[in-house]
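Structure file coords.pdb (PDB, C-alpha atoms, pLDDT in the B column) is printed below.
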ATOM      1  CA  MET A 481     -16.095  16.646 -10.054  1.00 46.00           C
ATOM      2  CA  SER A 482     -17.577  13.376 -11.332  1.00 59.00           C
ATOM      3  CA  LYS A 483     -17.891  10.451  -8.908  1.00 67.00           C
ATOM      4  CA  HIS A 484     -17.506   7.968 -11.750  1.00 60.00           C
ATOM      5  CA  LEU A 485     -15.308   7.248 -14.742  1.00 61.00           C
ATOM      6  CA  LYS A 486     -15.662   5.039 -17.781  1.00 65.00           C
ATOM      7  CA  ARG A 487     -14.293   1.537 -17.202  1.00 65.00           C
ATOM      8  CA  HIS A 488     -12.302   1.779 -20.398  1.00 57.00           C
ATOM      9  CA  PHE A 489     -10.380   4.740 -18.953  1.00 62.00           C
ATOM     10  CA  ALA A 490      -9.912   3.293 -15.447  1.00 68.00           C
ATOM     11  CA  PRO A 491      -6.237   3.007 -14.398  1.00 67.00           C
ATOM     12  CA  LYS A 492      -4.377   0.128 -16.048  1.00 75.00           C
ATOM     13  CA  THR A 493      -3.298  -0.933 -12.560  1.00 76.00           C
ATOM     14  CA  TRP A 494      -6.894  -2.035 -11.795  1.00 71.00           C
ATOM     15  CA  LYS A 495      -7.654  -5.707 -12.454  1.00 70.00           C
ATOM     16  CA  ILE A 496     -11.221  -5.205 -13.651  1.00 67.00           C
ATOM     17  CA  LYS A 497     -13.364  -6.124 -16.651  1.00 69.00           C
ATOM     18  CA  ARG A 498     -13.227  -3.330 -19.181  1.00 63.00           C
ATOM     19  CA  LYS A 499     -16.480  -4.268 -20.910  1.00 64.00           C
ATOM     20  CA  GLY A 500     -20.013  -4.620 -19.597  1.00 61.00           C
ATOM     21  CA  ILE A 501     -21.107  -1.946 -17.148  1.00 63.00           C
ATOM     22  CA  LYS A 502     -20.057   1.374 -18.665  1.00 64.00           C
ATOM     23  CA  TYR A 503     -19.080   3.304 -15.543  1.00 60.00           C
ATOM     24  CA  ILE A 504     -17.123   2.525 -12.397  1.00 70.00           C
ATOM     25  CA  ALA A 505     -16.655   4.494  -9.174  1.00 71.00           C
ATOM     26  CA  LYS A 506     -13.828   6.983  -8.920  1.00 75.00           C
ATOM     27  CA  PRO A 507     -11.912   7.063  -5.599  1.00 78.00           C
ATOM     28  CA  SER A 508     -12.608   9.963  -3.271  1.00 82.00           C
ATOM     29  CA  PRO A 509      -9.722  12.388  -2.746  1.00 81.00           C
ATOM     30  CA  GLY A 510      -7.471  10.737  -0.201  1.00 78.00           C
ATOM     31  CA  PRO A 511      -4.010   9.550   0.755  1.00 81.00           C
ATOM     32  CA  HIS A 512      -3.280   7.610  -2.445  1.00 85.00           C
ATOM     33  CA  LYS A 513      -2.970   8.434  -6.129  1.00 86.00           C
ATOM     34  CA  ILE A 514      -5.782   6.980  -8.237  1.00 81.00           C
ATOM     35  CA  VAL A 515      -3.355   4.622 -10.019  1.00 84.00           C
ATOM     36  CA  MET A 516      -2.250   3.174  -6.682  1.00 86.00           C
ATOM     37  CA  SER A 517      -5.649   2.600  -5.073  1.00 89.00           C
ATOM     38  CA  PHE A 518      -9.087   1.042  -5.492  1.00 88.00           C
ATOM     39  CA  PRO A 519     -12.350   2.618  -4.317  1.00 89.00           C
ATOM     40  CA  LEU A 520     -13.811   0.405  -1.578  1.00 92.00           C
ATOM     41  CA  ASN A 521     -16.742  -0.655  -3.747  1.00 90.00           C
ATOM     42  CA  VAL A 522     -14.463  -1.833  -6.580  1.00 88.00           C
ATOM     43  CA  LEU A 523     -12.386  -3.768  -4.063  1.00 92.00           C
ATOM     44  CA  LEU A 524     -15.355  -5.434  -2.353  1.00 94.00           C
ATOM     45  CA  ARG A 525     -17.394  -6.084  -5.514  1.00 89.00           C
ATOM     46  CA  ASP A 526     -15.083  -6.463  -8.508  1.00 86.00           C
ATOM     47  CA  ILE A 527     -11.911  -7.771  -6.861  1.00 90.00           C
ATOM     48  CA  LEU A 528     -12.985  -9.778  -3.806  1.00 93.00           C
ATOM     49  CA  GLY A 529     -16.533 -10.663  -4.905  1.00 91.00           C
ATOM     50  CA  TYR A 530     -18.238  -9.971  -1.570  1.00 94.00           C
ATOM     51  CA  ALA A 531     -21.013  -7.998  -3.286  1.00 91.00           C
ATOM     52  CA  ASN A 532     -22.833  -8.061  -6.613  1.00 89.00           C
ATOM     53  CA  SER A 533     -23.861  -4.419  -6.771  1.00 89.00           C
ATOM     54  CA  ASN A 534     -23.059  -1.008  -5.390  1.00 89.00           C
ATOM     55  CA  LYS A 535     -26.218  -1.227  -3.277  1.00 93.00           C
ATOM     56  CA  GLU A 536     -24.885  -4.369  -1.588  1.00 95.00           C
ATOM     57  CA  VAL A 537     -21.538  -2.675  -0.990  1.00 94.00           C
ATOM     58  CA  LYS A 538     -23.258   0.261   0.724  1.00 94.00           C
ATOM     59  CA  PHE A 539     -25.225  -2.168   2.913  1.00 95.00           C
ATOM     60  CA  ILE A 540     -22.027  -3.976   3.947  1.00 95.00           C
ATOM     61  CA  LEU A 541     -20.273  -0.721   4.776  1.00 95.00           C
ATOM     62  CA  GLU A 542     -23.216   0.535   6.820  1.00 94.00           C
ATOM     63  CA  LYS A 543     -24.021  -2.679   8.712  1.00 92.00           C
ATOM     64  CA  LYS A 544     -20.677  -4.457   8.968  1.00 92.00           C
ATOM     65  CA  GLU A 545     -17.305  -3.383  10.325  1.00 93.00           C
ATOM     66  CA  VAL A 546     -15.061  -2.774   7.321  1.00 96.00           C
ATOM     67  CA  MET A 547     -11.711  -1.410   8.430  1.00 96.00           C
ATOM     68  CA  VAL A 548      -8.903   0.169   6.423  1.00 95.00           C
ATOM     69  CA  ASP A 549      -5.632   0.428   8.353  1.00 94.00           C
ATOM     70  CA  GLY A 550      -7.541  -0.187  11.572  1.00 93.00           C
ATOM     71  CA  ILE A 551     -10.128   2.574  11.058  1.00 93.00           C
ATOM     72  CA  ARG A 552     -13.736   1.899  10.081  1.00 95.00           C
ATOM     73  CA  ARG A 553     -14.746   3.290   6.679  1.00 95.00           C
ATOM     74  CA  LYS A 554     -18.277   3.784   5.324  1.00 95.00           C
ATOM     75  CA  ASP A 555     -17.570   5.765   2.145  1.00 93.00           C
ATOM     76  CA  TYR A 556     -17.887   3.364  -0.812  1.00 93.00           C
ATOM     77  CA  ARG A 557     -15.438   5.552  -2.762  1.00 91.00           C
ATOM     78  CA  PHE A 558     -12.766   5.628  -0.040  1.00 93.00           C
ATOM     79  CA  PRO A 559      -9.373   4.821  -1.669  1.00 93.00           C
ATOM     80  CA  VAL A 560      -7.683   1.656  -0.430  1.00 93.00           C
ATOM     81  CA  GLY A 561      -4.110   1.814  -1.685  1.00 92.00           C
ATOM     82  CA  LEU A 562      -0.756   0.110  -1.882  1.00 94.00           C
ATOM     83  CA  LEU A 563       0.183  -1.779   1.319  1.00 96.00           C
ATOM     84  CA  ASP A 564      -3.067  -0.771   3.043  1.00 96.00           C
ATOM     85  CA  VAL A 565      -4.704  -3.428   5.228  1.00 97.00           C
ATOM     86  CA  LEU A 566      -8.405  -4.177   4.674  1.00 97.00           C
ATOM     87  CA  SER A 567     -10.153  -6.024   7.502  1.00 97.00           C
ATOM     88  CA  LEU A 568     -13.652  -7.519   7.419  1.00 96.00           C
ATOM     89  CA  LYS A 569     -14.173  -7.970  11.133  1.00 92.00           C
ATOM     90  CA  ASP A 570     -17.472  -9.869  10.975  1.00 91.00           C
ATOM     91  CA  ILE A 571     -15.860 -12.769   9.123  1.00 94.00           C
ATOM     92  CA  ASN A 572     -12.338 -12.209  10.506  1.00 94.00           C
ATOM     93  CA  GLU A 573     -10.661 -11.898   7.105  1.00 96.00           C
ATOM     94  CA  HIS A 574      -7.792  -9.550   6.377  1.00 97.00           C
ATOM     95  CA  PHE A 575      -6.128  -8.450   3.134  1.00 97.00           C
ATOM     96  CA  ARG A 576      -3.171  -6.373   1.968  1.00 97.00           C
ATOM     97  CA  ILE A 577      -2.950  -4.420  -1.289  1.00 95.00           C
ATOM     98  CA  ILE A 578       0.225  -5.229  -3.227  1.00 95.00           C
ATOM     99  CA  LEU A 579       1.646  -4.806  -6.726  1.00 92.00           C
ATOM    100  CA  ASP A 580       2.151  -7.879  -8.879  1.00 88.00           C
ATOM    101  CA  LYS A 581       5.100  -8.248 -11.251  1.00 85.00           C
ATOM    102  CA  LYS A 582       3.045  -6.821 -14.104  1.00 86.00           C
ATOM    103  CA  GLY A 583       2.599  -3.574 -12.196  1.00 86.00           C
ATOM    104  CA  LYS A 584      -1.074  -4.184 -11.375  1.00 89.00           C
ATOM    105  CA  LEU A 585      -2.666  -3.781  -7.978  1.00 90.00           C
ATOM    106  CA  ASP A 586      -3.483  -7.103  -6.366  1.00 92.00           C
ATOM    107  CA  VAL A 587      -4.906  -8.342  -3.064  1.00 95.00           C
ATOM    108  CA  ILE A 588      -3.457 -11.042  -0.819  1.00 96.00           C
ATOM    109  CA  LYS A 589      -4.953 -12.581   2.297  1.00 96.00           C
ATOM    110  CA  ILE A 590      -2.967 -12.122   5.508  1.00 96.00           C
ATOM    111  CA  GLY A 591      -3.232 -13.691   8.946  1.00 94.00           C
ATOM    112  CA  ASP A 592      -4.122 -12.280  12.345  1.00 93.00           C
ATOM    113  CA  GLU A 593      -0.439 -11.724  13.118  1.00 93.00           C
ATOM    114  CA  GLU A 594      -0.198  -9.088  10.353  1.00 95.00           C
ATOM    115  CA  LYS A 595      -3.593  -7.402  10.485  1.00 95.00           C
ATOM    116  CA  GLY A 596      -2.419  -4.768  12.966  1.00 95.00           C
ATOM    117  CA  VAL A 597       0.780  -3.637  11.234  1.00 96.00           C
ATOM    118  CA  LYS A 598       1.748  -1.856   8.041  1.00 96.00           C
ATOM    119  CA  LEU A 599       5.031  -1.040   6.312  1.00 97.00           C
ATOM    120  CA  ASN A 600       5.315   2.577   5.219  1.00 96.00           C
ATOM    121  CA  LYS A 601       7.997   4.550   3.384  1.00 97.00           C
ATOM    122  CA  ILE A 602       9.299   7.868   4.738  1.00 97.00           C
ATOM    123  CA  THR A 603       8.866  10.536   2.049  1.00 96.00           C
ATOM    124  CA  GLY A 604       9.636  13.637   4.117  1.00 96.00           C
ATOM    125  CA  LYS A 605      11.015  14.792   7.459  1.00 95.00           C
ATOM    126  CA  SER A 606      10.665  18.085   9.293  1.00 94.00           C
ATOM    127  CA  MET A 607      10.663  19.776  12.692  1.00 93.00           C
ATOM    128  CA  VAL A 608       7.264  20.845  14.019  1.00 92.00           C
ATOM    129  CA  LYS A 609       7.196  22.765  17.299  1.00 88.00           C
ATOM    130  CA  GLY A 610      10.455  21.173  18.333  1.00 90.00           C
ATOM    131  CA  LYS A 611       9.354  17.631  17.459  1.00 92.00           C
ATOM    132  CA  ILE A 612      10.543  15.428  14.605  1.00 96.00           C
ATOM    133  CA  GLN A 613       7.733  14.705  12.154  1.00 97.00           C
ATOM    134  CA  LEU A 614       7.904  12.001   9.506  1.00 97.00           C
ATOM    135  CA  ASN A 615       5.768  12.282   6.381  1.00 96.00           C
ATOM    136  CA  LEU A 616       4.814   8.859   5.047  1.00 96.00           C
ATOM    137  CA  TYR A 617       3.965   7.402   1.642  1.00 93.00           C
ATOM    138  CA  ASP A 618       0.247   7.043   2.418  1.00 92.00           C
ATOM    139  CA  GLY A 619      -0.212  10.599   3.677  1.00 90.00           C
ATOM    140  CA  LYS A 620       0.212   9.840   7.380  1.00 92.00           C
ATOM    141  CA  ASN A 621       2.330  12.116   9.561  1.00 93.00           C
ATOM    142  CA  ILE A 622       3.844  10.740  12.752  1.00 95.00           C
ATOM    143  CA  PHE A 623       6.095  12.145  15.467  1.00 94.00           C
ATOM    144  CA  VAL A 624       9.214  10.298  16.621  1.00 94.00           C
ATOM    145  CA  LYS A 625      11.753  10.930  19.365  1.00 91.00           C
ATOM    146  CA  GLU A 626      14.950   9.756  17.658  1.00 89.00           C
ATOM    147  CA  ASN A 627      16.643  11.646  14.825  1.00 92.00           C
ATOM    148  CA  SER A 628      17.931   8.463  13.150  1.00 94.00           C
ATOM    149  CA  TYR A 629      15.185   8.299  10.507  1.00 96.00           C
ATOM    150  CA  LYS A 630      15.975   9.352   6.941  1.00 96.00           C
ATOM    151  CA  VAL A 631      13.874   9.986   3.841  1.00 96.00           C
ATOM    152  CA  GLY A 632      13.758   6.714   1.912  1.00 96.00           C
ATOM    153  CA  ASP A 633      13.789   4.532   5.037  1.00 97.00           C
ATOM    154  CA  SER A 634      10.700   2.525   6.032  1.00 98.00           C
ATOM    155  CA  VAL A 635       8.856   2.060   9.309  1.00 97.00           C
ATOM    156  CA  LEU A 636       6.667  -0.806  10.481  1.00 97.00           C
ATOM    157  CA  LEU A 637       3.654   0.846  12.116  1.00 96.00           C
ATOM    158  CA  THR A 638       0.862  -0.312  14.363  1.00 95.00           C
ATOM    159  CA  LEU A 639      -2.551   0.454  12.846  1.00 93.00           C
ATOM    160  CA  GLY A 640      -5.567   2.300  14.239  1.00 85.00           C
ATOM    161  CA  GLU A 641      -6.135   5.796  15.574  1.00 82.00           C
ATOM    162  CA  LYS A 642      -2.605   5.870  17.018  1.00 85.00           C
ATOM    163  CA  ASN A 643       0.316   4.812  14.823  1.00 89.00           C
ATOM    164  CA  GLU A 644       3.452   3.706  16.658  1.00 92.00           C
ATOM    165  CA  VAL A 645       6.768   2.622  15.148  1.00 95.00           C
ATOM    166  CA  LYS A 646       7.506  -1.043  15.838  1.00 95.00           C
ATOM    167  CA  GLU A 647      10.571  -1.267  13.630  1.00 96.00           C
ATOM    168  CA  HIS A 648      12.812   0.998  11.553  1.00 97.00           C
ATOM    169  CA  ILE A 649      14.258  -0.330   8.264  1.00 97.00           C
ATOM    170  CA  ARG A 650      17.133   1.737   6.907  1.00 97.00           C
ATOM    171  CA  PHE A 651      17.668   2.214   3.191  1.00 97.00           C
ATOM    172  CA  ASP A 652      21.279   1.127   2.854  1.00 95.00           C
ATOM    173  CA  LYS A 653      23.424  -1.561   1.274  1.00 94.00           C
ATOM    174  CA  ASN A 654      22.109  -5.109   1.789  1.00 94.00           C
ATOM    175  CA  ALA A 655      18.610  -3.853   2.600  1.00 96.00           C
ATOM    176  CA  LEU A 656      15.836  -5.971   1.139  1.00 97.00           C
ATOM    177  CA  ILE A 657      13.609  -3.825  -1.100  1.00 97.00           C
ATOM    178  CA  TYR A 658      10.248  -4.002  -2.862  1.00 97.00           C
ATOM    179  CA  LEU A 659       9.896  -2.157  -6.173  1.00 96.00           C
ATOM    180  CA  ILE A 660       6.808   0.098  -6.238  1.00 94.00           C
ATOM    181  CA  GLY A 661       7.531   1.882  -9.520  1.00 91.00           C
ATOM    182  CA  GLY A 662       9.322   1.574 -12.840  1.00 90.00           C
ATOM    183  CA  LYS A 663       9.454  -1.399 -15.191  1.00 89.00           C
ATOM    184  CA  HIS A 664      10.552  -3.747 -12.386  1.00 91.00           C
ATOM    185  CA  THR A 665       7.459  -3.078 -10.256  1.00 92.00           C
ATOM    186  CA  GLY A 666       6.574  -5.902  -7.872  1.00 92.00           C
ATOM    187  CA  GLN A 667      10.087  -7.371  -7.721  1.00 93.00           C
ATOM    188  CA  ILE A 668      11.923  -8.036  -4.472  1.00 95.00           C
ATOM    189  CA  GLY A 669      15.694  -7.625  -4.347  1.00 96.00           C
ATOM    190  CA  LYS A 670      18.704  -6.752  -2.199  1.00 97.00           C
ATOM    191  CA  VAL A 671      20.538  -3.423  -2.510  1.00 97.00           C
ATOM    192  CA  GLN A 672      24.092  -3.784  -3.790  1.00 97.00           C
ATOM    193  CA  ASP A 673      25.009  -0.111  -4.135  1.00 97.00           C
ATOM    194  CA  ILE A 674      23.486   3.372  -3.885  1.00 96.00           C
ATOM    195  CA  ILE A 675      24.746   5.947  -6.389  1.00 96.00           C
ATOM    196  CA  GLY A 676      23.051   9.337  -6.010  1.00 93.00           C
ATOM    197  CA  ASN A 677      19.403   8.907  -6.931  1.00 94.00           C
ATOM    198  CA  ARG A 678      19.932   5.444  -8.414  1.00 96.00           C
ATOM    199  CA  ILE A 679      20.563   2.011  -6.914  1.00 97.00           C
ATOM    200  CA  LEU A 680      21.865  -1.359  -8.012  1.00 97.00           C
ATOM    201  CA  TYR A 681      20.021  -4.348  -6.578  1.00 97.00           C
ATOM    202  CA  LYS A 682      20.216  -8.114  -6.941  1.00 96.00           C
ATOM    203  CA  THR A 683      16.997  -9.826  -8.002  1.00 94.00           C
ATOM    204  CA  GLU A 684      15.726 -13.109  -6.585  1.00 91.00           C
ATOM    205  CA  SER A 685      17.168 -14.818  -9.688  1.00 92.00           C
ATOM    206  CA  GLY A 686      20.618 -13.294  -9.108  1.00 94.00           C
ATOM    207  CA  ASP A 687      20.599 -10.598 -11.807  1.00 94.00           C
ATOM    208  CA  ILE A 688      21.953  -7.109 -11.041  1.00 96.00           C
ATOM    209  CA  VAL A 689      19.495  -4.376 -12.011  1.00 95.00           C
ATOM    210  CA  GLU A 690      19.680  -0.573 -11.876  1.00 96.00           C
ATOM    211  CA  THR A 691      16.662   1.552 -10.981  1.00 96.00           C
ATOM    212  CA  LEU A 692      15.719   4.846  -9.352  1.00 96.00           C
ATOM    213  CA  LYS A 693      16.016   5.062  -5.580  1.00 95.00           C
ATOM    214  CA  GLU A 694      12.494   6.496  -5.344  1.00 94.00           C
ATOM    215  CA  TYR A 695      11.056   3.239  -6.739  1.00 96.00           C
ATOM    216  CA  ALA A 696      12.459   1.128  -3.892  1.00 96.00           C
ATOM    217  CA  LEU A 697      10.775   0.525  -0.545  1.00 97.00           C
ATOM    218  CA  PRO A 698      12.899  -1.158   2.176  1.00 98.00           C
ATOM    219  CA  ILE A 699      11.081  -4.197   3.576  1.00 97.00           C
ATOM    220  CA  GLY A 700      13.652  -5.877   5.829  1.00 96.00           C
ATOM    221  CA  LYS A 701      17.140  -7.322   6.008  1.00 91.00           C
ATOM    222  CA  ASP A 702      17.079 -11.068   5.382  1.00 88.00           C
ATOM    223  CA  LYS A 703      13.336 -11.467   4.814  1.00 93.00           C
ATOM    224  CA  PRO A 704      10.318  -9.168   4.377  1.00 95.00           C
ATOM    225  CA  LEU A 705       8.715  -7.969   7.617  1.00 96.00           C
ATOM    226  CA  ILE A 706       5.283  -8.413   6.004  1.00 96.00           C
ATOM    227  CA  SER A 707       3.755 -10.777   3.444  1.00 94.00           C
ATOM    228  CA  LEU A 708       3.941  -9.448  -0.118  1.00 93.00           C
ATOM    229  CA  THR A 709       3.040 -12.571  -2.107  1.00 85.00           C
ATOM    230  CA  ARG A 710       0.235 -15.110  -2.066  1.00 75.00           C
ATOM    231  CA  ARG A 711       0.605 -17.954   0.397  1.00 66.00           C
TER
END
Hey, can you dump this file as structure tokens for me?
Amino acid sequence: MSKHLKRHFAPKTWKIKRKGIKYIAKPSPGPHKIVMSFPLNVLLRDILGYANSNKEVKFILEKKEVMVDGIRRKDYRFPVGLLDVLSLKDINEHFRIILDKKGKLDVIKIGDEEKGVKLNKITGKSMVKGKIQLNLYDGKNIFVKENSYKVGDSVLLTLGEKNEVKEHIRFDKNALIYLIGGKHTGQIGKVQDIIGNRILYKTESGDIVETLKEYALPIGKDKPLISLTRR
């Protein structure tokens, strides 16, 4: 399998120059789909501008502490995806991957108070050796004690080798949601009704919009638990 792809054919969600250098790195197989993630070298070089070449990216990854969701990464092709937290410990800067209202991946800077937490959607639930296991949007699997979690809900997790649930956000009426798919990607709204696999939500401008339930990620009640827009 090729480690590169032509820039022209890179996902439309990537905010990169399509002309110039012919090839760009392809993300390694990982927890995110290619359309919902950047390889680390694209993020550090093309998006954030901390390097001018792939060689410089490799040097940074080898010599500096670059963390993704609290774990150090050295693979320049490692996929950093939606809602992941990137931390550059040497300069104490932290970023979150979001989706803008045009459906493109974007990066926002976050403060120290958010660098150790991440919001994650529950995509599956099962019993494993008598314990309740939650399968999450980014490929993580965690065990919980309570049986109150449902597919479609979200959890606010601590980051690092051990992920613990800090808060549980239920997907129900009046929940605040973030659209991660469909033509309304990047919008924030409040659920008005849930009808089978579809929902009605009120946008920030007061309009009522219908979309698929799978496109919505609960982010809080009255305000988002994490930053999702530029400060």
*Just the residues within 6 Å of segment 543-547 of chain A, please, counting all atoms listed in the file, with nothing from its chain fewer than 4 positions along; format it as a PyMOL selection string.*
chain A and resi 539+551-553+566-569
*Non-local contacts of Glu593 of chain A (12 Å; only C-alpha atoms; under 6 positions in same chain excluded) as a VMD selection string*: chain A and resid 573 to 575 638 705 to 707
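Here the question is which of A:Pro698, A:Ser508, A:Leu616, A:Ile571 gets nearest to Asp633 of chain A using all atoms listed in the file, and that residue is A:Pro698.
If you look at atom CA of Lys601 of chain A and atom CA of Pro507 of chain A, they are 22.0 Å away from each other.
Distances from A:Val631, A:Leu579, A:Leu639, A:Val537 to Thr665 of chain A were compared using only C-alpha atoms, and the smallest one belongs to A:Leu579.
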*asked:* Can you translate the PyMOL selection byres ((chain A and resi 585) around 9) into the concrete residues it hits in this file, as number ranges by chain?
replied: A: 493-495, 515-518, 561-562, 577-580, 582-584, 586-587
*Counting only C-alpha atoms, what is within 9 Å of Arg650 of chain A, bar same-chain residues fewer than 4 positions away, as a PyMOL selection string?*
chain A and resi 629-630+632-635+655+698+700
Write the residues of the selection above to a file with C-alpha atoms, as a PDB file, keeping the file's coordinate frame.
ATOM      1  CA  TYR A 629      15.185   8.299  10.507  1.00 96.00           C
ATOM      2  CA  LYS A 630      15.975   9.352   6.941  1.00 96.00           C
ATOM      3  CA  GLY A 632      13.758   6.714   1.912  1.00 96.00           C
ATOM      4  CA  ASP A 633      13.789   4.532   5.037  1.00 97.00           C
ATOM      5  CA  SER A 634      10.700   2.525   6.032  1.00 98.00           C
ATOM      6  CA  VAL A 635       8.856   2.060   9.309  1.00 97.00           C
ATOM      7  CA  ALA A 655      18.610  -3.853   2.600  1.00 96.00           C
ATOM      8  CA  PRO A 698      12.899  -1.158   2.176  1.00 98.00           C
ATOM      9  CA  GLY A 700      13.652  -5.877   5.829  1.00 96.00           C
TER      10      GLY A 700
END
